[in-house]
$ cat model-v3.cif   # mmCIF, C-alpha atoms and all ligand atoms
data_entry
#
loop_
_atom_site.label_atom_id
_atom_site.label_comp_id
_atom_site.auth_asym_id
_atom_site.auth_seq_id
_atom_site.Cartn_x
_atom_site.Cartn_y
_atom_site.Cartn_z
CA MET O 1 -4.58 -24.68 0.71
CA ASN O 2 -6.70 -21.53 0.44
CA LYS O 3 -7.06 -19.96 -3.00
CA ILE O 4 -6.43 -16.25 -3.30
CA LEU O 5 -7.76 -13.52 -5.60
CA VAL O 6 -5.90 -10.19 -5.76
CA ILE O 7 -8.05 -7.32 -7.07
CA GLY O 8 -6.09 -4.30 -8.35
CA ALA O 9 -3.01 -6.49 -8.83
CA ALA O 10 -1.33 -4.26 -11.41
CA GLY O 11 -0.78 -1.34 -9.01
CA GLN O 12 2.25 -0.40 -6.95
CA LEU O 13 1.53 -2.78 -4.05
CA GLY O 14 -0.21 -5.48 -6.10
CA SER O 15 2.63 -6.01 -8.54
CA GLU O 16 4.94 -6.95 -5.65
CA LEU O 17 2.38 -8.60 -3.35
CA VAL O 18 1.36 -11.10 -6.06
CA THR O 19 4.97 -12.32 -6.23
CA GLY O 20 5.09 -12.60 -2.43
CA LEU O 21 1.82 -14.57 -2.38
CA CYS O 22 2.98 -16.88 -5.20
CA ASN O 23 6.26 -17.56 -3.35
CA THR O 24 4.37 -18.27 -0.13
CA TYR O 25 1.36 -20.27 -1.38
CA GLY O 26 2.37 -21.46 -4.86
CA LYS O 27 1.39 -19.75 -8.09
CA GLU O 28 -1.37 -22.30 -8.72
CA ASN O 29 -3.19 -20.88 -5.67
CA VAL O 30 -3.08 -17.19 -6.64
CA ILE O 31 -5.17 -15.34 -9.25
CA ALA O 32 -4.17 -11.78 -10.13
CA SER O 33 -6.83 -9.42 -11.52
CA ASP O 34 -7.11 -5.83 -12.72
CA ILE O 35 -8.93 -3.69 -15.28
CA HIS O 36 -6.26 -4.10 -17.97
CA GLU O 37 -6.79 -6.65 -20.76
CA LYS O 38 -3.55 -8.46 -20.04
CA GLY O 39 -1.47 -8.84 -16.91
CA ASP O 40 2.20 -9.67 -16.67
CA PHE O 41 2.11 -12.08 -13.72
CA GLU O 42 3.62 -15.42 -12.79
CA CYS O 43 0.13 -16.74 -11.90
CA ALA O 44 -3.25 -16.86 -13.71
CA TYR O 45 -4.81 -13.49 -14.57
CA GLU O 46 -8.43 -12.33 -14.89
CA LEU O 47 -9.90 -9.09 -16.15
CA VAL O 48 -11.90 -7.69 -13.20
CA ASN O 49 -13.41 -4.26 -12.65
CA ALA O 50 -13.61 -3.78 -8.88
CA LEU O 51 -16.87 -1.86 -9.39
CA ASP O 52 -18.56 -4.89 -10.97
CA PRO O 53 -19.77 -7.18 -8.15
CA VAL O 54 -21.18 -9.79 -10.55
CA ARG O 55 -17.86 -10.20 -12.33
CA ILE O 56 -16.01 -10.45 -8.99
CA GLU O 57 -18.40 -13.16 -7.81
CA ASN O 58 -18.14 -15.10 -11.08
CA VAL O 59 -14.32 -15.12 -10.91
CA ILE O 60 -14.47 -16.20 -7.25
CA GLN O 61 -16.77 -19.09 -8.11
CA GLU O 62 -14.85 -20.11 -11.23
CA HIS O 63 -11.57 -20.37 -9.29
CA ASP O 64 -12.99 -21.54 -5.97
CA ILE O 65 -11.49 -18.52 -4.17
CA ASP O 66 -11.32 -18.39 -0.34
CA GLU O 67 -9.42 -15.13 0.29
CA VAL O 68 -9.55 -11.75 -1.47
CA TYR O 69 -6.85 -9.08 -1.28
CA HIS O 70 -8.71 -6.01 -2.49
CA LEU O 71 -6.13 -3.35 -3.42
CA ALA O 72 -7.85 -1.26 -6.13
CA ALA O 73 -7.83 2.45 -5.17
CA ILE O 74 -7.01 5.92 -6.42
CA LEU O 75 -4.19 7.40 -4.32
CA SER O 76 -4.03 10.73 -2.48
CA ALA O 77 -2.68 13.19 -5.06
CA LYS O 78 -4.52 11.74 -8.06
CA ALA O 79 -7.83 11.53 -6.16
CA GLU O 80 -7.82 15.31 -5.63
CA SER O 81 -8.22 15.84 -9.38
CA ASN O 82 -11.38 13.71 -9.51
CA PRO O 83 -12.92 13.56 -6.03
CA LEU O 84 -16.28 11.93 -6.78
CA ALA O 85 -14.94 9.21 -9.10
CA SER O 86 -12.22 8.45 -6.54
CA TRP O 87 -14.71 8.24 -3.68
CA TYR O 88 -16.93 5.96 -5.79
CA LEU O 89 -14.07 3.59 -6.69
CA ASN O 90 -12.42 3.53 -3.25
CA MET O 91 -15.70 3.04 -1.37
CA ASP O 92 -18.06 1.00 -3.55
CA SER O 93 -15.40 -1.53 -4.50
CA LEU O 94 -14.70 -2.19 -0.81
CA LEU O 95 -18.41 -2.65 -0.09
CA ASN O 96 -18.64 -5.12 -3.01
CA VAL O 97 -15.99 -7.29 -1.35
CA LEU O 98 -17.30 -6.90 2.21
CA GLU O 99 -20.73 -8.03 0.99
CA LEU O 100 -19.15 -11.22 -0.40
CA GLY O 101 -17.72 -11.76 3.10
CA ARG O 102 -21.13 -11.19 4.71
CA ARG O 103 -22.70 -13.71 2.33
CA LYS O 104 -19.92 -16.24 3.21
CA ILE O 105 -18.85 -16.45 -0.45
CA ILE O 106 -15.29 -15.74 0.76
CA LYS O 107 -13.65 -16.58 4.09
CA LYS O 108 -11.11 -13.79 4.54
CA ILE O 109 -10.50 -10.27 3.19
CA TYR O 110 -7.44 -8.01 3.12
CA TRP O 111 -7.91 -4.30 2.46
CA PRO O 112 -5.17 -1.63 2.69
CA SER O 113 -5.62 1.58 4.62
CA SER O 114 -3.05 4.38 4.89
CA ILE O 115 -1.50 7.09 7.05
CA ALA O 116 -3.80 9.34 4.97
CA VAL O 117 -6.57 8.58 7.51
CA PHE O 118 -4.87 11.10 9.80
CA GLY O 119 -5.23 14.87 9.43
CA PRO O 120 -4.13 18.29 10.66
CA SER O 121 -5.46 17.78 14.22
CA THR O 122 -3.83 14.37 14.67
CA PRO O 123 -0.70 14.30 16.90
CA ARG O 124 2.06 14.15 14.27
CA ILE O 125 4.90 12.56 16.26
CA SER O 126 4.53 8.88 17.11
CA THR O 127 0.87 9.00 16.04
CA PRO O 128 -1.06 6.57 18.27
CA GLN O 129 -3.23 3.71 17.03
CA SER O 130 -6.33 5.43 18.39
CA THR O 131 -6.40 9.20 18.07
CA VAL O 132 -8.04 12.21 16.43
CA MET O 133 -8.66 11.54 12.72
CA ASP O 134 -9.67 14.45 10.51
CA PRO O 135 -8.34 13.66 7.01
CA ASN O 136 -8.73 16.48 4.51
CA THR O 137 -8.12 14.58 1.26
CA VAL O 138 -10.70 12.51 -0.64
CA TYR O 139 -8.36 9.52 -0.43
CA GLY O 140 -7.96 9.94 3.35
CA ILE O 141 -11.71 10.37 3.87
CA SER O 142 -12.39 7.22 1.82
CA LYS O 143 -9.77 5.23 3.76
CA LEU O 144 -11.18 6.36 7.12
CA ALA O 145 -14.74 5.49 6.03
CA GLY O 146 -13.42 2.16 4.71
CA GLU O 147 -11.86 1.39 8.09
CA ARG O 148 -15.18 2.03 9.79
CA TRP O 149 -16.95 -0.27 7.30
CA CYS O 150 -14.39 -3.04 7.92
CA GLU O 151 -14.93 -2.89 11.67
CA TYR O 152 -18.71 -2.74 11.15
CA TYR O 153 -18.78 -5.84 8.93
CA ASN O 154 -16.57 -7.69 11.42
CA GLU O 155 -18.70 -6.77 14.44
CA LYS O 156 -22.16 -7.11 12.88
CA HIS O 157 -21.58 -9.96 10.41
CA GLY O 158 -18.44 -11.76 11.65
CA VAL O 159 -16.51 -10.97 8.44
CA ASP O 160 -12.81 -11.83 8.85
CA VAL O 161 -11.35 -8.64 7.40
CA ARG O 162 -7.82 -7.43 8.15
CA SER O 163 -6.12 -4.17 7.29
CA LEU O 164 -2.90 -2.15 7.67
CA ARG O 165 -2.36 1.61 7.57
CA TYR O 166 0.60 1.73 5.19
CA PRO O 167 3.11 4.55 5.29
CA GLY O 168 4.67 5.58 1.93
CA LEU O 169 5.71 2.36 0.17
CA ILE O 170 8.92 2.22 -1.82
CA GLY O 171 9.30 -0.52 -4.42
CA TYR O 172 11.03 -0.95 -7.77
CA LYS O 173 8.52 -2.93 -9.83
CA HIS O 174 6.06 -0.16 -10.51
CA ALA O 175 6.55 3.45 -11.58
CA PRO O 176 5.04 6.03 -9.18
CA GLY O 177 1.22 6.09 -9.34
CA GLY O 178 -0.45 9.23 -7.97
CA GLY O 179 0.60 9.24 -4.31
CA THR O 180 1.98 12.08 -2.18
CA THR O 181 4.85 9.86 -1.01
CA ASP O 182 5.72 8.87 -4.59
CA TYR O 183 8.71 11.22 -4.80
CA ALA O 184 10.42 8.54 -2.70
CA VAL O 185 9.97 6.02 -5.53
CA ASP O 186 10.68 8.39 -8.40
CA ILE O 187 13.95 9.57 -6.82
CA TYR O 188 15.41 6.05 -7.20
CA PHE O 189 14.24 5.78 -10.83
CA HIS O 190 16.25 8.98 -11.46
CA ALA O 191 19.23 8.01 -9.30
CA VAL O 192 19.81 4.70 -11.08
CA LYS O 193 20.30 6.65 -14.33
CA ASN O 194 22.05 9.53 -12.51
CA LYS O 195 19.45 11.97 -13.87
CA PRO O 196 18.83 15.19 -11.87
CA PHE O 197 15.70 14.90 -9.74
CA GLU O 198 13.13 17.64 -9.04
CA CYS O 199 11.26 16.95 -5.79
CA PHE O 200 7.65 18.12 -5.32
CA LEU O 201 8.05 18.26 -1.51
CA SER O 202 10.40 20.56 0.43
CA PRO O 203 13.73 19.08 1.67
CA GLU O 204 12.71 18.92 5.35
CA THR O 205 9.26 17.25 4.87
CA LYS O 206 9.45 14.20 7.11
CA LEU O 207 7.07 11.30 6.43
CA PRO O 208 6.83 7.65 7.49
CA MET O 209 8.06 5.27 4.77
CA MET O 210 8.63 1.55 4.26
CA CYS O 211 10.49 -0.72 1.87
CA MET O 212 8.04 -2.74 -0.24
CA ASP O 213 9.58 -6.04 0.91
CA ASP O 214 8.58 -5.17 4.48
CA ALA O 215 5.08 -4.13 3.37
CA VAL O 216 4.57 -7.44 1.53
CA LYS O 217 5.79 -9.37 4.59
CA ALA O 218 3.50 -7.40 6.93
CA THR O 219 0.52 -8.06 4.66
CA ILE O 220 1.11 -11.80 4.50
CA ASP O 221 1.88 -11.94 8.26
CA VAL O 222 -1.31 -10.16 9.31
CA MET O 223 -3.37 -12.45 7.05
CA GLN O 224 -1.67 -15.57 8.46
CA ALA O 225 -2.09 -14.56 12.11
CA PRO O 226 -4.65 -16.58 14.08
CA SER O 227 -7.96 -14.71 14.21
CA ASP O 228 -7.84 -14.21 17.98
CA ARG O 229 -4.54 -12.31 17.62
CA ILE O 230 -6.22 -9.67 15.43
CA LYS O 231 -7.56 -7.25 18.01
CA ILE O 232 -8.04 -4.32 15.62
CA ARG O 233 -10.58 -4.76 12.84
CA SER O 234 -10.46 -1.21 11.51
CA SER O 235 -6.76 -1.06 10.53
CA TYR O 236 -3.38 -1.43 12.26
CA ASN O 237 -0.78 1.35 12.43
CA LEU O 238 2.36 0.10 10.68
CA ALA O 239 5.82 1.71 10.57
CA ALA O 240 9.46 1.22 9.64
CA PHE O 241 11.35 4.56 9.45
CA SER O 242 10.70 8.27 8.77
CA VAL O 243 12.64 10.25 6.17
CA THR O 244 12.89 13.66 4.54
CA PRO O 245 13.70 14.13 0.83
CA ASP O 246 17.04 15.54 1.99
CA SER O 247 17.94 12.45 4.05
CA MET O 248 16.89 10.18 1.18
CA PHE O 249 19.04 12.21 -1.21
CA ASN O 250 22.02 11.87 1.17
CA SER O 251 21.50 8.12 1.45
CA ILE O 252 21.55 7.86 -2.37
CA LYS O 253 24.60 10.17 -2.63
CA LYS O 254 26.63 7.57 -0.72
CA LYS O 255 26.12 5.26 -3.73
CA VAL O 256 25.75 7.82 -6.55
CA PRO O 257 28.10 10.71 -5.58
CA ASP O 258 27.18 12.89 -8.60
CA PHE O 259 23.43 12.65 -8.09
CA SER O 260 21.68 16.05 -7.86
CA ILE O 261 18.33 17.27 -6.54
CA SER O 262 16.26 20.47 -6.72
CA TYR O 263 13.03 21.35 -4.92
CA LYS O 264 9.76 22.67 -6.33
CA PRO O 265 6.95 22.03 -3.80
CA ASP O 266 3.43 21.89 -5.30
CA PHE O 267 -0.10 21.08 -4.02
CA ARG O 268 1.19 17.80 -2.59
CA GLN O 269 3.14 19.73 0.07
CA ALA O 270 -0.12 20.64 1.87
CA ILE O 271 -1.19 16.97 1.84
CA ALA O 272 2.18 15.88 3.28
CA ASN O 273 1.98 18.60 5.96
CA SER O 274 -1.33 17.15 7.18
CA TRP O 275 0.12 13.64 7.66
CA PRO O 276 2.11 12.18 10.58
CA VAL O 277 5.89 12.49 10.87
CA SER O 278 6.18 9.15 12.66
CA ILE O 279 3.83 6.33 13.66
CA ASP O 280 3.44 4.29 16.85
CA ASP O 281 2.86 0.73 15.61
CA SER O 282 3.39 -1.01 18.97
CA GLN O 283 -0.04 -2.66 18.81
CA ALA O 284 0.83 -4.48 15.56
CA ARG O 285 4.19 -5.51 17.08
CA LYS O 286 2.44 -6.84 20.20
CA ASP O 287 -0.62 -8.50 18.63
CA TRP O 288 0.87 -10.40 15.68
CA GLY O 289 4.63 -9.90 15.95
CA TRP O 290 5.26 -7.22 13.30
CA LYS O 291 8.95 -6.36 12.83
CA HIS O 292 10.51 -4.45 9.94
CA ALA O 293 13.84 -5.43 8.35
CA PHE O 294 14.79 -2.45 6.16
CA ASP O 295 16.14 0.92 7.28
CA LEU O 296 16.83 3.75 4.83
CA ASP O 297 20.36 2.79 3.75
CA LYS O 298 19.53 -0.91 3.40
CA MET O 299 16.54 0.02 1.26
CA THR O 300 18.62 2.41 -0.88
CA GLY O 301 21.08 -0.39 -1.68
CA ALA O 302 18.28 -2.85 -2.49
CA MET O 303 16.35 -0.33 -4.65
CA LEU O 304 19.37 0.70 -6.71
CA ASP O 305 20.43 -2.92 -7.29
CA ALA O 306 16.91 -4.01 -8.26
CA LEU O 307 16.33 -1.04 -10.56
CA HIS O 308 19.69 -1.51 -12.19
CA ALA O 309 18.77 -5.13 -12.99
CA LYS O 310 15.24 -4.20 -14.12
CA LEU O 311 16.16 -1.25 -16.32
CA ASN O 312 19.36 -2.93 -17.45
CA THR O 313 21.26 0.35 -17.14
CA SER O 314 24.43 -0.44 -19.08
CA ASP O 315 26.52 2.36 -17.56
CA ARG O 316 26.24 1.49 -13.92
CA VAL O 317 26.49 4.76 -11.98
CA PHE O 318 27.06 3.27 -8.52
C1 LIG X 1 -0.12 8.14 -1.05
O1 LIG X 1 0.86 8.90 -0.97
O2 LIG X 1 -1.24 8.48 -1.44
C2 LIG X 1 0.05 6.70 -0.59
C3 LIG X 1 -0.32 6.53 0.84
C4 LIG X 1 0.52 7.08 1.91
O3 LIG X 1 -1.31 5.93 1.11
N1 LIG X 1 1.39 6.28 -0.81
#

$ encode --input "model-v3.cif" --output "structure tokens"
Amino acid sequence: MNKILVIGAAGQLGSELVTGLCNTYGKENVIASDIHEKGDFECAYELVNALDPVRIENVIQEHDIDEVYHLAAILSAKAESNPLASWYLNMDSLLNVLELGRRKIIKKIYWPSSIAVFGPSTPRISTPQSTVMDPNTVYGISKLAGERWCEYYNEKHGVDVRSLRYPGLIGYKHAPGGGTTDYAVDIYFHAVKNKPFECFLSPETKLPMMCMDDAVKATIDVMQAPSDRIKIRSSYNLAAFSVTPDSMFNSIKKKVPDFSISYKPDFRQAIANSWPVSIDDSQARKDWGWKHAFDLDKMTGAMLDALHAKLNTSDRVF
């Protein structure tokens, strides 16, 4: 059984992926790590700064790690307030892990990319796997550069690195964390308490989104696929459904009839406008059998139930 280290485990994806990995491989085979002193995980936890290659290598050796899921990153909206620090974290931390792959210290690497690699000149409807990419955010530029580095390390050094271009991910375990698609998480945190929600994107802004359960499944599936099925070593397009804030609001209204929303677009609107409306992920479906399970209404039901249980909202509003 391979042993797994998750770097950046306390973030939005990590906090749910660690559970998925523990359920799949056993918690004795998973080590969660992040920059916080303590982690609230079902498996062992280590304090790791993704910018410290010596610490990463020590933890890998101490736990006899074979695979690293490197998730640490600063997301699109937050990165705009500190461009150089965000570039430094997003880029150097990836190179730290790719170097461990080149030196054969680890056998396999997972690294997340994003729809943020696309930009204003990219075709916005059914965005192809291979197309124009001119991201205009620091986060998007770092993800595009990261994709190129992944392919480079695979081609030049045989590093087994795999990656997915996530759409907006919607999960209940973690509060929103600096992304442009985060309204779609925050709206459920408000809905479960029936608190009015102010949206930072306009009602008709359509973006690709995905339920976190599907994202966790896709991540584990792409890592489990036989190497010869992985034809793309930069990053795979990945999709489930596309939604507007208005359609998400209407989906919630079916469960919480009194829920209310208002709109106050800010700087994140321009970021959203530069991203695709929908994604063509046929290559992922063909190469390693990707299939999503959640549509918008199914996700709304699952999110409200999970948040109700987590927040223990005594006056259930749906
Ligand atoms: C963000 O909004 O920055 C992220 C992403 C699409 O990568 N959720």

$ closest_residue --input "model-v3.cif" --among "O:Phe249, O:Phe200, O:Phe241, O:Tyr183" --to "ligand LIG 1 (chain X)" --atoms "all atoms listed in the file"
O:Tyr183

$ closest_residue --input "model-v3.cif" --among "O:Ser235, O:Ser282, O:Ser93, O:Thr137" --to "ligand LIG 1 (chain X)" --atoms "only C-alpha atoms and all ligand atoms"
O:Thr137

$ closest_residue --input "model-v3.cif" --among "O:Glu147, O:Glu80, O:Asp297, O:Asp92" --to "ligand LIG 1 (chain X)" --atoms "only C-alpha atoms and all ligand atoms"
O:Glu80

$ residues_near_ligand --input "model-v3.cif" --ligand "ligand LIG 1 (chain X)" --cutoff "10 Å" --atoms "only C-alpha atoms and all ligand atoms" --output "CSV table (one decimal) with C-alpha atoms, keeping the file's coordinate frame"
chain,number,residue,atom,x,y,z
O,12,GLN,CA,2.2,-0.4,-7.0
O,13,LEU,CA,1.5,-2.8,-4.0
O,73,ALA,CA,-7.8,2.4,-5.2
O,74,ILE,CA,-7.0,5.9,-6.4
O,75,LEU,CA,-4.2,7.4,-4.3
O,76,SER,CA,-4.0,10.7,-2.5
O,77,ALA,CA,-2.7,13.2,-5.1
O,78,LYS,CA,-4.5,11.7,-8.1
O,79,ALA,CA,-7.8,11.5,-6.2
O,112,PRO,CA,-5.2,-1.6,2.7
O,113,SER,CA,-5.6,1.6,4.6
O,114,SER,CA,-3.0,4.4,4.9
O,115,ILE,CA,-1.5,7.1,7.0
O,116,ALA,CA,-3.8,9.3,5.0
O,117,VAL,CA,-6.6,8.6,7.5
O,137,THR,CA,-8.1,14.6,1.3
O,139,TYR,CA,-8.4,9.5,-0.4
O,140,GLY,CA,-8.0,9.9,3.4
O,143,LYS,CA,-9.8,5.2,3.8
O,165,ARG,CA,-2.4,1.6,7.6
O,166,TYR,CA,0.6,1.7,5.2
O,167,PRO,CA,3.1,4.6,5.3
O,168,GLY,CA,4.7,5.6,1.9
O,169,LEU,CA,5.7,2.4,0.2
O,170,ILE,CA,8.9,2.2,-1.8
O,176,PRO,CA,5.0,6.0,-9.2
O,177,GLY,CA,1.2,6.1,-9.3
O,178,GLY,CA,-0.4,9.2,-8.0
O,179,GLY,CA,0.6,9.2,-4.3
O,180,THR,CA,2.0,12.1,-2.2
O,181,THR,CA,4.8,9.9,-1.0
O,182,ASP,CA,5.7,8.9,-4.6
O,183,TYR,CA,8.7,11.2,-4.8
O,184,ALA,CA,10.4,8.5,-2.7
O,185,VAL,CA,10.0,6.0,-5.5
O,207,LEU,CA,7.1,11.3,6.4
O,208,PRO,CA,6.8,7.6,7.5
O,209,MET,CA,8.1,5.3,4.8
O,268,ARG,CA,1.2,17.8,-2.6
O,271,ILE,CA,-1.2,17.0,1.8
O,272,ALA,CA,2.2,15.9,3.3
O,275,TRP,CA,0.1,13.6,7.7

$ residues_around --input "model-v3.cif" --residues "region 14-18 of chain O" --least-positions-apart "6" --cutoff "12 Å" --atoms "all atoms listed in the file" --output "number ranges by chain"
O: 4-8, 24-34, 39-45, 68-73, 110-112, 169-175, 211-220

$ residues_around --input "model-v3.cif" --residues "Ser247 (chain O)" --least-positions-apart "2" --cutoff "10 Å" --atoms "all atoms listed in the file" --output "PyMOL selection string"
chain O and resi 203-206+242-245+249-253+296-297

$ residues_around --input "model-v3.cif" --residues "Arg102 (chain O)" --least-positions-apart "6" --cutoff "10 Å" --atoms "all atoms listed in the file" --output "PDB file with C-alpha atoms, in the coordinates of the input"
ATOM      1  CA  TYR O 153     -18.780  -5.840   8.930  1.00  0.00           C
ATOM      2  CA  ASN O 154     -16.570  -7.690  11.420  1.00  0.00           C
ATOM      3  CA  LYS O 156     -22.160  -7.110  12.880  1.00  0.00           C
ATOM      4  CA  HIS O 157     -21.580  -9.960  10.410  1.00  0.00           C
ATOM      5  CA  GLY O 158     -18.440 -11.760  11.650  1.00  0.00           C
ATOM      6  CA  VAL O 159     -16.510 -10.970   8.440  1.00  0.00           C
ATOM      7  CA  ASP O 160     -12.810 -11.830   8.850  1.00  0.00           C
TER       8      ASP O 160
END

$ atom_distance --input "model-v3.cif" --atom1 "CA of Ile261 (chain O)" --atom2 "CA of Asp186 (chain O)"
11.9 Å

$ closest_residue --input "model-v3.cif" --among "O:Ala225, O:Leu238, O:Cys199, O:Ala10" --to "His292 (chain O)" --atoms "all atoms listed in the file"
O:Leu238

$ atom_distance --input "model-v3.cif" --atom1 "CA of Lys264 (chain O)" --atom2 "CA of Pro276 (chain O)"
21.3 Å

$ build_atoms --input "model-v3.cif" --residues "region 155-166 of chain O" --atoms "N, CA and C atoms" --output "PDB file, keeping the file's coordinate frame"
ATOM      1  N   GLU O 155     -17.890  -6.711  13.220  1.00  0.00           N
ATOM      2  CA  GLU O 155     -18.700  -6.770  14.440  1.00  0.00           C
ATOM      3  C   GLU O 155     -20.121  -7.275  14.177  1.00  0.00           C
ATOM      4  N   LYS O 156     -20.734  -6.771  13.107  1.00  0.00           N
ATOM      5  CA  LYS O 156     -22.160  -7.110  12.880  1.00  0.00           C
ATOM      6  C   LYS O 156     -22.331  -8.427  12.137  1.00  0.00           C
ATOM      7  N   HIS O 157     -21.374  -8.790  11.275  1.00  0.00           N
ATOM      8  CA  HIS O 157     -21.580  -9.960  10.410  1.00  0.00           C
ATOM      9  C   HIS O 157     -20.463 -10.995  10.539  1.00  0.00           C
ATOM     10  N   GLY O 158     -19.514 -10.778  11.450  1.00  0.00           N
ATOM     11  CA  GLY O 158     -18.440 -11.760  11.650  1.00  0.00           C
ATOM     12  C   GLY O 158     -17.485 -11.884  10.474  1.00  0.00           C
ATOM     13  N   VAL O 159     -17.410 -10.871   9.605  1.00  0.00           N
ATOM     14  CA  VAL O 159     -16.510 -10.970   8.440  1.00  0.00           C
ATOM     15  C   VAL O 159     -15.057 -10.877   8.918  1.00  0.00           C
ATOM     16  N   ASP O 160     -14.234 -11.831   8.477  1.00  0.00           N
ATOM     17  CA  ASP O 160     -12.810 -11.830   8.850  1.00  0.00           C
ATOM     18  C   ASP O 160     -12.056 -10.914   7.891  1.00  0.00           C
ATOM     19  N   VAL O 161     -12.032  -9.631   8.237  1.00  0.00           N
ATOM     20  CA  VAL O 161     -11.350  -8.640   7.400  1.00  0.00           C
ATOM     21  C   VAL O 161     -10.189  -8.067   8.193  1.00  0.00           C
ATOM     22  N   ARG O 162      -9.053  -7.904   7.505  1.00  0.00           N
ATOM     23  CA  ARG O 162      -7.820  -7.430   8.150  1.00  0.00           C
ATOM     24  C   ARG O 162      -7.234  -6.289   7.325  1.00  0.00           C
ATOM     25  N   SER O 163      -6.578  -5.360   8.010  1.00  0.00           N
ATOM     26  CA  SER O 163      -6.120  -4.170   7.290  1.00  0.00           C
ATOM     27  C   SER O 163      -4.908  -3.542   7.972  1.00  0.00           C
ATOM     28  N   LEU O 164      -4.082  -2.881   7.167  1.00  0.00           N
ATOM     29  CA  LEU O 164      -2.900  -2.150   7.670  1.00  0.00           C
ATOM     30  C   LEU O 164      -2.936  -0.720   7.151  1.00  0.00           C
ATOM     31  N   ARG O 165      -2.502   0.215   8.008  1.00  0.00           N
ATOM     32  CA  ARG O 165      -2.360   1.610   7.570  1.00  0.00           C
ATOM     33  C   ARG O 165      -0.930   1.785   7.053  1.00  0.00           C
ATOM     34  N   TYR O 166      -0.758   1.625   5.732  1.00  0.00           N
ATOM     35  CA  TYR O 166       0.600   1.730   5.190  1.00  0.00           C
ATOM     36  C   TYR O 166       1.126   3.151   5.256  1.00  0.00           C
TER      37      TYR O 166
END
